Amino acid sequence: MPFKNFVREKVREAKRGNREARELRKKTLEEMSEETKASFQNIKFYKFYPVPTQHTPDESNVKGSARRGGIFLGS
């Protein structure tokens, strides 16, 4: 029984923490100005794809193949 009680207490603590975090997020959202809310709703994220330069190592001989299911060396 001590282990069962220990697990129950840990679950209660986790649920309490999640509930407090949810309430804090809700409160923060309510206090946020309309301009800030609109900014967050219209936010855009961009992916960055590095361009190979003369200083980057040559990785043309190491490629992943979807047909073979993994990484292989050579051509």
# chains A, B, ... in the order shown; residues from 1 in each chain; ligands from 1
call {"tool": "select_by_dssp", "arguments": {"residues": "stretch 2-72 of chain A", "states": "alpha helix (DSSP H)", "output": "PyMOL selection string"}}
result
chain A and resi 2-31+34-41
call {"tool": "write_last_selection", "arguments": {"atoms": "N, CA and C atoms", "output": "compact mmCIF listing (two decimals), in the first residue's frame"}}
result
# COMPACT_ATOMS: atom_id res chain seq x y z
N PRO A 2 2.00 1.28 0.63
CA PRO A 2 2.76 2.54 0.64
C PRO A 2 3.13 3.00 -0.77
N PHE A 3 3.47 2.06 -1.63
CA PHE A 3 3.82 2.43 -3.01
C PHE A 3 2.61 3.01 -3.73
N LYS A 4 1.46 2.40 -3.55
CA LYS A 4 0.23 2.87 -4.19
C LYS A 4 -0.10 4.29 -3.71
N ASN A 5 0.05 4.54 -2.43
CA ASN A 5 -0.20 5.88 -1.89
C ASN A 5 0.81 6.88 -2.44
N PHE A 6 2.07 6.45 -2.57
CA PHE A 6 3.12 7.30 -3.12
C PHE A 6 2.77 7.71 -4.55
N VAL A 7 2.35 6.75 -5.36
CA VAL A 7 2.00 7.02 -6.75
C VAL A 7 0.79 7.95 -6.81
N ARG A 8 -0.21 7.70 -5.99
CA ARG A 8 -1.40 8.56 -5.97
C ARG A 8 -1.03 10.00 -5.63
N GLU A 9 -0.15 10.17 -4.64
CA GLU A 9 0.26 11.51 -4.24
C GLU A 9 1.02 12.21 -5.37
N LYS A 10 1.88 11.49 -6.06
CA LYS A 10 2.63 12.07 -7.18
C LYS A 10 1.69 12.47 -8.31
N VAL A 11 0.68 11.65 -8.57
CA VAL A 11 -0.31 11.97 -9.61
C VAL A 11 -1.09 13.21 -9.22
N ARG A 12 -1.48 13.29 -7.95
CA ARG A 12 -2.20 14.49 -7.47
C ARG A 12 -1.35 15.74 -7.64
N GLU A 13 -0.06 15.64 -7.29
CA GLU A 13 0.85 16.78 -7.42
C GLU A 13 0.97 17.21 -8.88
N ALA A 14 1.09 16.24 -9.77
CA ALA A 14 1.22 16.55 -11.19
C ALA A 14 -0.04 17.21 -11.72
N LYS A 15 -1.20 16.68 -11.34
CA LYS A 15 -2.47 17.26 -11.77
C LYS A 15 -2.63 18.67 -11.23
N ARG A 16 -2.23 18.88 -9.96
CA ARG A 16 -2.32 20.20 -9.36
C ARG A 16 -1.42 21.18 -10.13
N GLY A 17 -0.21 20.74 -10.46
CA GLY A 17 0.71 21.57 -11.23
C GLY A 17 0.17 21.91 -12.60
N ASN A 18 -0.42 20.93 -13.27
CA ASN A 18 -1.01 21.18 -14.59
C ASN A 18 -2.19 22.14 -14.50
N ARG A 19 -3.01 22.00 -13.47
CA ARG A 19 -4.15 22.88 -13.29
C ARG A 19 -3.69 24.32 -13.02
N GLU A 20 -2.68 24.48 -12.18
CA GLU A 20 -2.15 25.82 -11.89
C GLU A 20 -1.55 26.44 -13.14
N ALA A 21 -0.84 25.65 -13.93
CA ALA A 21 -0.26 26.17 -15.17
C ALA A 21 -1.35 26.59 -16.15
N ARG A 22 -2.41 25.80 -16.26
CA ARG A 22 -3.53 26.12 -17.14
C ARG A 22 -4.20 27.42 -16.72
N GLU A 23 -4.42 27.56 -15.40
CA GLU A 23 -5.04 28.78 -14.88
C GLU A 23 -4.15 29.99 -15.12
N LEU A 24 -2.85 29.82 -14.97
CA LEU A 24 -1.92 30.92 -15.22
C LEU A 24 -1.93 31.33 -16.69
N ARG A 25 -1.97 30.34 -17.60
CA ARG A 25 -2.05 30.65 -19.03
C ARG A 25 -3.34 31.39 -19.36
N LYS A 26 -4.45 30.94 -18.77
CA LYS A 26 -5.74 31.58 -19.01
C LYS A 26 -5.73 33.02 -18.49
N LYS A 27 -5.18 33.22 -17.30
CA LYS A 27 -5.11 34.56 -16.70
C LYS A 27 -4.22 35.47 -17.55
N THR A 28 -3.09 34.95 -18.01
CA THR A 28 -2.19 35.74 -18.85
C THR A 28 -2.86 36.13 -20.15
N LEU A 29 -3.60 35.20 -20.74
CA LEU A 29 -4.31 35.48 -21.98
C LEU A 29 -5.39 36.54 -21.78
N GLU A 30 -6.08 36.49 -20.65
CA GLU A 30 -7.12 37.49 -20.37
C GLU A 30 -6.53 38.88 -20.17
N GLU A 31 -5.35 38.94 -19.56
CA GLU A 31 -4.71 40.23 -19.29
C GLU A 31 -3.99 40.81 -20.50
N GLU A 34 -5.38 43.41 -26.84
CA GLU A 34 -5.89 42.91 -28.13
C GLU A 34 -4.81 42.95 -29.20
N GLU A 35 -3.97 43.96 -29.14
CA GLU A 35 -2.89 44.09 -30.11
C GLU A 35 -1.89 42.94 -29.99
N THR A 36 -1.56 42.58 -28.75
CA THR A 36 -0.64 41.47 -28.52
C THR A 36 -1.26 40.15 -28.94
N LYS A 37 -2.55 39.97 -28.64
CA LYS A 37 -3.25 38.75 -29.05
C LYS A 37 -3.22 38.61 -30.57
N ALA A 38 -3.49 39.71 -31.27
CA ALA A 38 -3.48 39.69 -32.73
C ALA A 38 -2.09 39.37 -33.25
N SER A 39 -1.07 39.89 -32.59
CA SER A 39 0.30 39.61 -33.01
C SER A 39 0.61 38.12 -32.89
N PHE A 40 0.20 37.51 -31.77
CA PHE A 40 0.46 36.08 -31.58
C PHE A 40 -0.34 35.24 -32.58
N GLN A 41 -1.54 35.67 -32.92
CA GLN A 41 -2.35 34.90 -33.87
C GLN A 41 -1.81 35.00 -35.29
call {"tool": "select_by_dssp", "arguments": {"residues": "chain A", "states": "strand (DSSP E)", "output": "ChimeraX atom specification"}}
result
/A:62-65,70-73
call {"tool": "atom_distance", "arguments": {"atom1": "atom CA of A:Glu59", "atom2": "atom CA of A:Lys47"}}
result
20.7 Å
